[in-house]
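**Q** Next up is a structure, given as structure tokens.
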Amino acid sequence: MSYLEKLRQWGNCNPGDFSKMVPVGYYTIANLVQYTPDPPGRDLFKSLEVVRLEAQKYGKGFGDCGTFTACLETVFAAWGFECGEELFAQGPGWDHVALRVRAPGVGSIILDASVRPIKPPGWEPPATKYHARKTLWLRNPQEWVDWWNRGARNDEMPAV
């Protein structure tokens with residue numbers, strides 16, 4: 001049984017029980033990862049497996065909003081949710097990312113597990129904080145995980 005199947009069973013979620021899966025997956029990842037900013041000039045994304053290995057060794061995994069989003073995306077895509085990257089801009093580039101999920105009985109909500117203290121599923125950054133935002137719905141979430149693991153270069157970004 002995979003980690004994601006165990007997580008779903010632990011939360012007493014049947015396949016397709018999307019409304020129960022949201023809090024189980026969200027709070028598990030929110031508590032698995034300790035927010036840690038990336039080094040200056042670098043944008044790092046870690047896979048769920050890397051974060052789990054860190055957590056086994058150190059008690060928590062480490063990462064910023066990109067890592068939280070990658071971990072959430074792995075869980076929710078495997079559970080059958082439609083996933084999208086919600087990008088936010090403060091300056092000239094995209095400064096923040098969160099996961100947007102869509103499923104029957106849930107609708108479309110943002111999951112931003114990188115905010116401390118932890119906010120509930122559906123919480124969104126105030127509109128006054130960002131001047132632009134957009135959602136990139138993913139066709140193939142595994143392509144994104146592979147892209148992140150290769151270093152997330154803009155010229156290699158997968159199709160959305």
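Just remember, in the structure tokens the first chain shown is A, the second B, etc., residues are 1-based per chain, and ligands are 1-based in the order shown.
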So that I can check the secondary structure, give me every residue of chain A assigned strand (DSSP E or B) by backbone DSSP, as JSON, numbers by chain.

**A** {"A": [33, 34, 35, 61, 62, 63, 82, 83, 84, 85, 86, 87, 88, 89, 96, 97, 98, 99, 100, 101, 102, 103, 107, 108, 109, 110, 111, 132, 133, 134, 135, 136, 137]}

**Q** At a cut-off of 9 Å, can you tabulate as a Markdown table every residue of range 2-72 of chain A near range 77-84 of chain A together with its closest atom pair and the distance in Å to one decimal, using only C-alpha atoms and ordering rows by chain then number?

**A**
| residue | atom | partner | partner_atom | distance |
| --- | --- | --- | --- | --- |
| A:Leu4 | CA | A:Ala78 | CA | 7.4 |
| A:Glu5 | CA | A:Trp79 | CA | 8.5 |
| A:Arg8 | CA | A:Trp79 | CA | 8.4 |
| A:Pro15 | CA | A:Trp79 | CA | 7.4 |
| A:Gly16 | CA | A:Gly80 | CA | 7.7 |
| A:Phe18 | CA | A:Phe81 | CA | 7.9 |
| A:Met21 | CA | A:Trp79 | CA | 8.2 |
| A:Leu72 | CA | A:Ala77 | CA | 8.4 |

**Q** Kindly assemble as JSON lines a list of the range 50-98 of chain A residues that lie within 7 Å of range 108-126 of chain A, each paired with its nearest atom pair and their distance in Å to one decimal, using only C-alpha atoms, sorted first by chain and then by ascending residue number.

**A**
{"residue": "A:Asp64", "atom": "CA", "partner": "A:Ser114", "partner_atom": "CA", "distance": 6.6}
{"residue": "A:Cys65", "atom": "CA", "partner": "A:Ser114", "partner_atom": "CA", "distance": 5.2}
{"residue": "A:Phe68", "atom": "CA", "partner": "A:Ser114", "partner_atom": "CA", "distance": 6.1}
{"residue": "A:Ala98", "atom": "CA", "partner": "A:Asp112", "partner_atom": "CA", "distance": 4.9}

**Q** What is the distance between CA of Ala30 in chain A and CA of Cys71 in chain A, in Å to one decimal?

**A**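 Calculated distance between CA of Ala30 in chain A and CA of Cys71 in chain A is 9.5 Å.
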
**Q** Determine the nearest neighbour of Arg102 in chain A from the options A:Ser19, A:Ser47, A:Thr128, A:Asn14, counting only C-alpha atoms.

**A**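 Of A:Ser19, A:Ser47, A:Thr128, A:Asn14, the one nearest Arg102 in chain A is A:Ser19, counting only C-alpha atoms.
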
**Q** Could you tell me which of A:Val106, A:Leu87, A:Val22, A:Val101 comes closest to Ala132 in chain A if we count only C-alpha atoms?

**A**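 Ranking A:Val106, A:Leu87, A:Val22, A:Val101 by distance to Ala132 in chain A, first place goes to A:Leu87.
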
**Q** I'd like to know which of A:Leu7, A:Ala103, A:Val97, A:Ala70 is closest to Tyr27 in chain A, using only C-alpha atoms.

**A**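 Under the stated criterion, the closest residue is A:Leu7.
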
**Q** Could you tell me which of A:Pro92, A:Leu32, A:Leu44, A:Pro23 comes closest to Gly61 in chain A if we count only C-alpha atoms?

**A**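 For Gly61 in chain A, the nearest of the given residues is A:Leu32.
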
**Q** Find, counting only C-alpha atoms, the residue in A:Lys60, A:Glu73, A:Gly11, A:Gly66 that gets nearest to Arg42 in chain A.

**A**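 That would be A:Gly66, the residue with the smallest distance to Arg42 in chain A.
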
**Q** Range 66-150 of chain A: which residues are alpha helix (DSSP H) by DSSP, as a PyMOL selection string?

**A** chain A and resi 66-78+141-149

**Q** Which of these residues is nearest to His96 in chain A, using only C-alpha atoms: A:Asp43, A:Arg139, A:Lys57, A:Val50?

**A**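 Once distances to His96 in chain A are computed over only C-alpha atoms, the minimum belongs to A:Asp43.
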
**Q** Skip Phe62 in chain A itself and residues of its chain fewer than 2 positions away, then list as a count of residues only all residues within 10 Å of it, counting only C-alpha atoms.

**A** 19
